[in-house]
Every structure is written in C-alpha cells, then in structure tokens.
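Pasting input30.cif here (mmCIF, N, CA, C and O atoms):
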```cif
data_work
loop_
_atom_site.label_atom_id
_atom_site.label_comp_id
_atom_site.auth_asym_id
_atom_site.auth_seq_id
_atom_site.Cartn_x
_atom_site.Cartn_y
_atom_site.Cartn_z
N MET A 1 -5.39 -1.28 27.73
CA MET A 1 -4.34 -0.35 28.15
C MET A 1 -4.89 0.43 29.35
O MET A 1 -5.93 1.05 29.26
N ASN A 2 -4.18 0.38 30.47
CA ASN A 2 -4.69 1.10 31.62
C ASN A 2 -4.41 2.59 31.50
O ASN A 2 -3.61 3.03 30.68
N ALA A 3 -5.07 3.39 32.32
CA ALA A 3 -5.01 4.85 32.20
C ALA A 3 -3.60 5.39 32.39
O ALA A 3 -3.19 6.31 31.68
N THR A 4 -2.84 4.84 33.32
CA THR A 4 -1.49 5.35 33.58
C THR A 4 -0.58 5.11 32.38
O THR A 4 0.14 6.02 31.96
N ILE A 5 -0.63 3.92 31.82
CA ILE A 5 0.19 3.61 30.65
C ILE A 5 -0.22 4.49 29.48
O ILE A 5 0.63 5.01 28.76
N ARG A 6 -1.50 4.68 29.32
CA ARG A 6 -2.00 5.52 28.22
C ARG A 6 -1.52 6.96 28.37
O ARG A 6 -1.10 7.59 27.41
N GLU A 7 -1.59 7.50 29.58
CA GLU A 7 -1.12 8.87 29.83
C GLU A 7 0.37 9.00 29.58
O GLU A 7 0.82 9.98 28.98
N GLN A 8 1.14 8.01 30.02
CA GLN A 8 2.59 8.04 29.78
C GLN A 8 2.89 7.98 28.29
O GLN A 8 3.77 8.70 27.79
N ALA A 9 2.17 7.15 27.58
CA ALA A 9 2.36 7.04 26.12
C ALA A 9 1.99 8.35 25.44
O ALA A 9 2.69 8.80 24.53
N GLU A 10 0.92 8.97 25.89
CA GLU A 10 0.49 10.24 25.29
C GLU A 10 1.54 11.32 25.47
O GLU A 10 1.87 12.05 24.52
N VAL A 11 2.11 11.43 26.65
CA VAL A 11 3.15 12.42 26.91
C VAL A 11 4.37 12.15 26.03
O VAL A 11 4.94 13.07 25.43
N LYS A 12 4.75 10.90 25.92
CA LYS A 12 5.92 10.54 25.11
C LYS A 12 5.67 10.83 23.62
O LYS A 12 6.53 11.40 22.94
N VAL A 13 4.50 10.46 23.12
CA VAL A 13 4.20 10.69 21.72
C VAL A 13 4.08 12.18 21.42
O VAL A 13 4.56 12.66 20.40
N GLN A 14 3.47 12.95 22.31
CA GLN A 14 3.36 14.39 22.10
C GLN A 14 4.74 15.02 22.06
O GLN A 14 5.00 15.92 21.27
N SER A 15 5.64 14.55 22.89
CA SER A 15 7.01 15.06 22.89
C SER A 15 7.70 14.73 21.58
O SER A 15 8.39 15.57 21.00
N MET A 16 7.50 13.51 21.08
CA MET A 16 8.11 13.12 19.81
C MET A 16 7.50 13.91 18.65
O MET A 16 8.22 14.36 17.76
N ALA A 17 6.19 14.09 18.66
CA ALA A 17 5.53 14.83 17.59
C ALA A 17 6.00 16.27 17.55
O ALA A 17 6.17 16.85 16.48
N ALA A 18 6.23 16.85 18.71
CA ALA A 18 6.69 18.24 18.78
C ALA A 18 8.07 18.42 18.16
O ALA A 18 8.43 19.50 17.71
N LYS A 19 8.85 17.34 18.13
CA LYS A 19 10.21 17.41 17.57
C LYS A 19 10.22 17.27 16.05
O LYS A 19 11.23 17.58 15.42
N LEU A 20 9.12 16.80 15.46
CA LEU A 20 9.06 16.64 14.02
C LEU A 20 8.94 18.01 13.35
O LEU A 20 8.26 18.89 13.86
N ASN A 21 9.59 18.15 12.18
CA ASN A 21 9.35 19.38 11.44
C ASN A 21 7.98 19.28 10.78
O ASN A 21 7.33 18.22 10.79
N ASP A 22 7.51 20.37 10.21
CA ASP A 22 6.16 20.40 9.63
C ASP A 22 5.98 19.35 8.55
O ASP A 22 4.95 18.67 8.50
N ASP A 23 6.98 19.19 7.68
CA ASP A 23 6.90 18.19 6.61
C ASP A 23 6.73 16.79 7.17
O ASP A 23 5.88 16.02 6.70
N ALA A 24 7.53 16.45 8.15
CA ALA A 24 7.48 15.11 8.74
C ALA A 24 6.16 14.87 9.46
O ALA A 24 5.60 13.77 9.39
N LEU A 25 5.66 15.88 10.14
CA LEU A 25 4.38 15.75 10.84
C LEU A 25 3.26 15.51 9.83
O LEU A 25 2.42 14.62 10.04
N CYS A 26 3.26 16.25 8.74
CA CYS A 26 2.23 16.08 7.71
C CYS A 26 2.37 14.73 7.03
O CYS A 26 1.36 14.08 6.72
N LEU A 27 3.58 14.29 6.81
CA LEU A 27 3.81 12.97 6.22
C LEU A 27 3.27 11.87 7.15
O LEU A 27 2.64 10.91 6.69
N ALA A 28 3.49 12.04 8.44
CA ALA A 28 2.96 11.07 9.41
C ALA A 28 1.44 11.03 9.34
O ALA A 28 0.82 9.96 9.37
N TRP A 29 0.83 12.21 9.22
CA TRP A 29 -0.64 12.26 9.11
C TRP A 29 -1.10 11.54 7.84
O TRP A 29 -2.01 10.71 7.87
N MET A 30 -0.47 11.88 6.72
CA MET A 30 -0.90 11.30 5.45
C MET A 30 -0.70 9.78 5.42
O MET A 30 -1.43 9.07 4.74
N ALA A 31 0.28 9.29 6.17
CA ALA A 31 0.51 7.85 6.24
C ALA A 31 -0.64 7.12 6.93
O ALA A 31 -0.80 5.91 6.76
N THR A 32 -1.43 7.85 7.70
CA THR A 32 -2.56 7.23 8.39
C THR A 32 -3.85 7.29 7.57
O THR A 32 -4.82 6.64 7.91
N GLU A 33 -3.84 8.06 6.49
CA GLU A 33 -5.04 8.20 5.65
C GLU A 33 -5.38 6.88 4.97
O GLU A 33 -4.50 6.18 4.47
N GLY A 34 -6.64 6.55 4.94
CA GLY A 34 -7.11 5.37 4.22
C GLY A 34 -6.84 4.04 4.90
O GLY A 34 -7.12 2.99 4.31
N LYS A 35 -6.29 4.07 6.09
CA LYS A 35 -6.02 2.82 6.83
C LYS A 35 -7.31 2.36 7.51
O LYS A 35 -8.15 3.17 7.90
N PRO A 36 -7.46 1.05 7.67
CA PRO A 36 -8.63 0.55 8.40
C PRO A 36 -8.64 1.10 9.84
O PRO A 36 -7.60 1.18 10.49
N GLY A 37 -9.80 1.50 10.29
CA GLY A 37 -9.92 2.10 11.62
C GLY A 37 -9.71 1.09 12.74
O GLY A 37 -10.32 0.04 12.76
N THR A 38 -8.80 1.42 13.62
CA THR A 38 -8.57 0.63 14.83
C THR A 38 -8.46 1.61 15.98
O THR A 38 -8.28 2.82 15.77
N GLN A 39 -8.52 1.12 17.18
CA GLN A 39 -8.36 1.98 18.35
C GLN A 39 -6.97 2.61 18.37
O GLN A 39 -6.82 3.79 18.66
N GLU A 40 -5.97 1.84 18.01
CA GLU A 40 -4.60 2.35 17.99
C GLU A 40 -4.44 3.46 16.96
O GLU A 40 -3.82 4.49 17.23
N LEU A 41 -5.00 3.25 15.77
CA LEU A 41 -4.92 4.27 14.73
C LEU A 41 -5.63 5.55 15.16
O LEU A 41 -5.14 6.65 14.94
N ALA A 42 -6.77 5.39 15.80
CA ALA A 42 -7.51 6.57 16.28
C ALA A 42 -6.68 7.35 17.29
O ALA A 42 -6.66 8.59 17.27
N LEU A 43 -5.98 6.65 18.17
CA LEU A 43 -5.13 7.33 19.16
C LEU A 43 -3.99 8.08 18.47
O LEU A 43 -3.71 9.24 18.79
N VAL A 44 -3.34 7.42 17.52
CA VAL A 44 -2.22 8.05 16.82
C VAL A 44 -2.70 9.27 16.06
O VAL A 44 -2.09 10.35 16.11
N ARG A 45 -3.81 9.14 15.35
CA ARG A 45 -4.34 10.28 14.60
C ARG A 45 -4.72 11.42 15.55
O ARG A 45 -4.51 12.59 15.23
N GLY A 46 -5.25 11.08 16.69
CA GLY A 46 -5.58 12.11 17.68
C GLY A 46 -4.34 12.85 18.16
O GLY A 46 -4.35 14.09 18.28
N TRP A 47 -3.26 12.13 18.41
CA TRP A 47 -2.01 12.76 18.85
C TRP A 47 -1.45 13.66 17.75
O TRP A 47 -1.00 14.77 18.03
N ILE A 48 -1.49 13.19 16.51
CA ILE A 48 -1.00 14.01 15.40
C ILE A 48 -1.87 15.25 15.25
O ILE A 48 -1.38 16.36 15.05
N MET A 49 -3.17 15.07 15.35
CA MET A 49 -4.08 16.21 15.21
C MET A 49 -3.86 17.25 16.31
O MET A 49 -3.95 18.45 16.05
N THR A 50 -3.57 16.79 17.50
CA THR A 50 -3.28 17.74 18.58
C THR A 50 -2.08 18.60 18.23
O THR A 50 -2.10 19.83 18.41
N GLU A 51 -1.03 17.98 17.70
CA GLU A 51 0.16 18.75 17.33
C GLU A 51 -0.12 19.66 16.14
O GLU A 51 0.34 20.80 16.11
N LEU A 52 -0.89 19.19 15.17
CA LEU A 52 -1.27 20.04 14.04
C LEU A 52 -2.06 21.25 14.52
O LEU A 52 -1.83 22.37 14.08
N ASN A 53 -2.98 21.03 15.44
CA ASN A 53 -3.77 22.14 15.99
C ASN A 53 -2.87 23.13 16.72
O ASN A 53 -3.03 24.35 16.58
N ASN A 54 -1.92 22.62 17.49
CA ASN A 54 -0.99 23.50 18.20
C ASN A 54 -0.21 24.38 17.22
O ASN A 54 0.02 25.56 17.50
N ARG A 55 0.19 23.82 16.11
CA ARG A 55 1.03 24.57 15.15
C ARG A 55 0.22 25.48 14.25
O ARG A 55 0.66 26.58 13.91
N LEU A 56 -0.95 25.03 13.81
CA LEU A 56 -1.73 25.81 12.86
C LEU A 56 -2.61 26.86 13.54
O LEU A 56 -2.95 27.86 12.92
N GLY A 57 -2.98 26.62 14.77
CA GLY A 57 -3.95 27.49 15.43
C GLY A 57 -5.35 27.03 15.07
O GLY A 57 -5.56 26.30 14.11
N ASP A 58 -6.30 27.48 15.84
CA ASP A 58 -7.67 26.98 15.70
C ASP A 58 -8.29 27.26 14.33
O ASP A 58 -8.93 26.39 13.74
N ASP A 59 -8.12 28.47 13.81
CA ASP A 59 -8.79 28.84 12.55
C ASP A 59 -8.28 28.01 11.37
O ASP A 59 -9.07 27.43 10.62
N LEU A 60 -6.96 27.96 11.17
CA LEU A 60 -6.41 27.18 10.06
C LEU A 60 -6.65 25.69 10.26
O LEU A 60 -6.91 24.96 9.29
N PHE A 61 -6.57 25.23 11.49
CA PHE A 61 -6.83 23.82 11.77
C PHE A 61 -8.25 23.46 11.37
O PHE A 61 -8.49 22.45 10.69
N ASP A 62 -9.21 24.30 11.74
CA ASP A 62 -10.61 24.04 11.37
C ASP A 62 -10.80 24.07 9.85
O ASP A 62 -11.52 23.24 9.30
N GLU A 63 -10.15 25.03 9.18
CA GLU A 63 -10.22 25.07 7.71
C GLU A 63 -9.69 23.78 7.10
O GLU A 63 -10.30 23.22 6.18
N TRP A 64 -8.55 23.33 7.61
CA TRP A 64 -7.97 22.09 7.10
C TRP A 64 -8.91 20.90 7.32
O TRP A 64 -9.11 20.09 6.42
N LEU A 65 -9.50 20.81 8.50
CA LEU A 65 -10.41 19.69 8.78
C LEU A 65 -11.60 19.66 7.82
O LEU A 65 -12.07 18.59 7.45
N MET A 66 -12.06 20.82 7.41
CA MET A 66 -13.22 20.90 6.54
C MET A 66 -12.88 20.73 5.06
O MET A 66 -13.76 20.48 4.25
N ASP A 67 -11.61 20.85 4.71
CA ASP A 67 -11.19 20.79 3.31
C ASP A 67 -11.15 19.34 2.82
O ASP A 67 -10.74 18.44 3.53
N VAL A 68 -11.60 19.14 1.60
CA VAL A 68 -11.52 17.82 0.96
C VAL A 68 -11.04 18.01 -0.47
O VAL A 68 -11.20 19.08 -1.07
N ASP A 69 -10.44 16.97 -1.03
CA ASP A 69 -9.98 17.04 -2.42
C ASP A 69 -11.13 16.68 -3.36
O ASP A 69 -12.27 16.48 -2.95
N ASP A 70 -10.83 16.56 -4.64
CA ASP A 70 -11.85 16.27 -5.65
C ASP A 70 -12.54 14.93 -5.43
O ASP A 70 -13.65 14.71 -5.89
N ASN A 71 -11.87 14.02 -4.74
CA ASN A 71 -12.44 12.69 -4.46
C ASN A 71 -13.19 12.63 -3.13
O ASN A 71 -13.65 11.58 -2.73
N GLY A 72 -13.24 13.76 -2.43
CA GLY A 72 -13.91 13.78 -1.13
C GLY A 72 -13.03 13.31 0.00
O GLY A 72 -13.51 13.09 1.11
N ASP A 73 -11.73 13.13 -0.26
CA ASP A 73 -10.78 12.70 0.77
C ASP A 73 -10.18 13.92 1.46
O ASP A 73 -10.17 15.02 0.91
N GLY A 74 -9.63 13.71 2.64
CA GLY A 74 -8.94 14.78 3.35
C GLY A 74 -7.69 15.21 2.60
O GLY A 74 -7.16 14.47 1.77
N VAL A 75 -7.26 16.42 2.86
CA VAL A 75 -6.09 16.95 2.15
C VAL A 75 -4.88 16.98 3.08
O VAL A 75 -5.01 16.98 4.31
N ASN A 76 -3.71 17.06 2.47
CA ASN A 76 -2.46 17.16 3.20
C ASN A 76 -2.45 18.49 3.96
O ASN A 76 -2.64 19.54 3.34
N PRO A 77 -2.23 18.47 5.25
CA PRO A 77 -2.23 19.72 6.02
C PRO A 77 -1.05 20.64 5.71
O PRO A 77 -1.05 21.80 6.11
N LEU A 78 -0.06 20.14 4.97
CA LEU A 78 1.13 20.95 4.70
C LEU A 78 0.79 22.27 4.01
O LEU A 78 1.42 23.29 4.27
N ALA A 79 -0.20 22.27 3.14
CA ALA A 79 -0.59 23.50 2.44
C ALA A 79 -1.01 24.59 3.43
O ALA A 79 -0.83 25.77 3.16
N TYR A 80 -1.53 24.20 4.56
CA TYR A 80 -2.00 25.19 5.54
C TYR A 80 -0.83 25.82 6.30
O TYR A 80 -0.96 26.92 6.82
N PHE A 81 0.29 25.15 6.32
CA PHE A 81 1.48 25.76 6.90
C PHE A 81 1.97 26.88 5.99
O PHE A 81 2.47 27.90 6.46
N ALA A 82 1.81 26.71 4.66
CA ALA A 82 2.19 27.76 3.72
C ALA A 82 1.28 28.97 3.87
O ALA A 82 1.73 30.11 3.82
N VAL A 83 -0.02 28.73 4.10
CA VAL A 83 -0.97 29.82 4.33
C VAL A 83 -0.58 30.58 5.60
O VAL A 83 -0.58 31.80 5.63
N GLN A 84 -0.23 29.83 6.61
CA GLN A 84 0.17 30.43 7.90
C GLN A 84 1.41 31.29 7.73
O GLN A 84 1.51 32.39 8.27
N ALA A 85 2.37 30.82 6.94
CA ALA A 85 3.62 31.55 6.75
C ALA A 85 3.40 32.83 5.96
O ALA A 85 4.11 33.82 6.19
N SER A 86 2.43 32.84 5.05
CA SER A 86 2.19 34.02 4.24
C SER A 86 1.31 35.06 4.94
O SER A 86 1.18 36.16 4.47
N ALA A 87 0.70 34.67 6.04
CA ALA A 87 -0.20 35.58 6.76
C ALA A 87 0.56 36.57 7.62
O ALA A 87 1.66 36.50 7.92
#
```
Now, as a test, write the supplied structure out as structure tokens.
Amino acid sequence: MNATIREQAEVKVQSMAAKLNDDALCLAWMATEGKPGTQELALVRGWIMTELNNRLGDDLFDEWLMDVDDNGDGVNPLAYFAVQASA
C-alpha cells in the first residue's frame, strides 16, 4: 500500500470511526480481540485506538490500556466511558 493510499484510507476510517457512538466503537474494538495478527488488523486497531484516545482522554485511555480481566486479556473500553461520564 503506497503512502498516499494509506493516508487517504486513514482519513476516511477516522471520519467513519468518529461517527460511531461509544457502544459501536467499543464493539468494533472487541471484534478485533483475539484475532491473528496481520498488518491490516494492526492498522484497524490503531485507527480504533486513536478514536478511543480522542474520546476518553489520555488518563482514562492509559488506564484502559493497562487493565486486564481475570484471564489476562484486555477489557472492553466501554466501562471507561461510564467512568468518564460520572467524573
């Protein structure tokens, strides 16, 4: 994928991600959990993470990144939106 196409795709995906409500954005993130790692998956997860960071802010985003469940897996970021709303 050349740089121009990649940049155009990034702008388009960021625009689409910004239109998702919090539930849908978190669902999109959770749909990527446990999938075999590919370059495409890494790009998609990066785009989703950028939007999550924009919405949660740096502190809650960092807390979410560090949080794991009882199995050592990442957690659904939706809970951090509830923390944000109560703050």
Atom CA of A:Thr32 to atom CA of A:Arg45: how many Å, to one decimal?
7.1 Å
Identify, on the basis of only N, CA, C and O atoms, every residue whose closest approach to stretch 48-55 of chain A does not exceed 8 Å; exclude the query and any residue fewer than 3 positions from it along the same chain; express the result as number ranges by chain.
A: 13-14, 17-18, 25-26, 28-29, 41-45, 58-62, 80-81, 84
Could you list the residues chosen by the PyMOL selection byres (((chain A and resi 79 and name CA) around 12) and name CA) in this structure as a tab-separated table (two decimals) with N, CA, C and O atoms, in the frame of the given file?
```
chain	number	residue	atom	x	y	z
A	22	ASP	N	7.51	20.37	10.21
A	22	ASP	CA	6.16	20.40	9.63
A	22	ASP	C	5.98	19.35	8.55
A	22	ASP	O	4.95	18.67	8.50
A	23	ASP	N	6.98	19.19	7.68
A	23	ASP	CA	6.90	18.19	6.61
A	23	ASP	C	6.73	16.79	7.17
A	23	ASP	O	5.88	16.02	6.70
A	26	CYS	N	3.26	16.25	8.74
A	26	CYS	CA	2.23	16.08	7.71
A	26	CYS	C	2.37	14.73	7.03
A	26	CYS	O	1.36	14.08	6.72
A	56	LEU	N	-0.95	25.03	13.81
A	56	LEU	CA	-1.73	25.81	12.86
A	56	LEU	C	-2.61	26.86	13.54
A	56	LEU	O	-2.95	27.86	12.92
A	60	LEU	N	-6.96	27.96	11.17
A	60	LEU	CA	-6.41	27.18	10.06
A	60	LEU	C	-6.65	25.69	10.26
A	60	LEU	O	-6.91	24.96	9.29
A	61	PHE	N	-6.57	25.23	11.49
A	61	PHE	CA	-6.83	23.82	11.77
A	61	PHE	C	-8.25	23.46	11.37
A	61	PHE	O	-8.49	22.45	10.69
A	63	GLU	N	-10.15	25.03	9.18
A	63	GLU	CA	-10.22	25.07	7.71
A	63	GLU	C	-9.69	23.78	7.10
A	63	GLU	O	-10.30	23.22	6.18
A	64	TRP	N	-8.55	23.33	7.61
A	64	TRP	CA	-7.97	22.09	7.10
A	64	TRP	C	-8.91	20.90	7.32
A	64	TRP	O	-9.11	20.09	6.42
A	67	ASP	N	-11.61	20.85	4.71
A	67	ASP	CA	-11.19	20.79	3.31
A	67	ASP	C	-11.15	19.34	2.82
A	67	ASP	O	-10.74	18.44	3.53
A	75	VAL	N	-7.26	16.42	2.86
A	75	VAL	CA	-6.09	16.95	2.15
A	75	VAL	C	-4.88	16.98	3.08
A	75	VAL	O	-5.01	16.98	4.31
A	76	ASN	N	-3.71	17.06	2.47
A	76	ASN	CA	-2.46	17.16	3.20
A	76	ASN	C	-2.45	18.49	3.96
A	76	ASN	O	-2.64	19.54	3.34
A	77	PRO	N	-2.23	18.47	5.25
A	77	PRO	CA	-2.23	19.72	6.02
A	77	PRO	C	-1.05	20.64	5.71
A	77	PRO	O	-1.05	21.80	6.11
A	78	LEU	N	-0.06	20.14	4.97
A	78	LEU	CA	1.13	20.95	4.70
A	78	LEU	C	0.79	22.27	4.01
A	78	LEU	O	1.42	23.29	4.27
A	80	TYR	N	-1.53	24.20	4.56
A	80	TYR	CA	-2.00	25.19	5.54
A	80	TYR	C	-0.83	25.82	6.30
A	80	TYR	O	-0.96	26.92	6.82
A	81	PHE	N	0.29	25.15	6.32
A	81	PHE	CA	1.48	25.76	6.90
A	81	PHE	C	1.97	26.88	5.99
A	81	PHE	O	2.47	27.90	6.46
A	82	ALA	N	1.81	26.71	4.66
A	82	ALA	CA	2.19	27.76	3.72
A	82	ALA	C	1.28	28.97	3.87
A	82	ALA	O	1.73	30.11	3.82
A	83	VAL	N	-0.02	28.73	4.10
A	83	VAL	CA	-0.97	29.82	4.33
A	83	VAL	C	-0.58	30.58	5.60
A	83	VAL	O	-0.58	31.80	5.63
A	84	GLN	N	-0.23	29.83	6.61
A	84	GLN	CA	0.17	30.43	7.90
A	84	GLN	C	1.41	31.29	7.73
A	84	GLN	O	1.51	32.39	8.27
A	85	ALA	N	2.37	30.82	6.94
A	85	ALA	CA	3.62	31.55	6.75
A	85	ALA	C	3.40	32.83	5.96
A	85	ALA	O	4.11	33.82	6.19
A	86	SER	N	2.43	32.84	5.05
A	86	SER	CA	2.19	34.02	4.24
A	86	SER	C	1.31	35.06	4.94
A	86	SER	O	1.18	36.16	4.47
```
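For the pair atom CA of A:Ala31 and atom CA of A:Val11, the interatomic distance is 21.3 Å.
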The residue from A:Gly57, A:Gly74, A:Thr4, A:Leu20 with the smallest atom-to-atom distance to A:Glu33, counting all atoms listed in the file, is A:Gly74
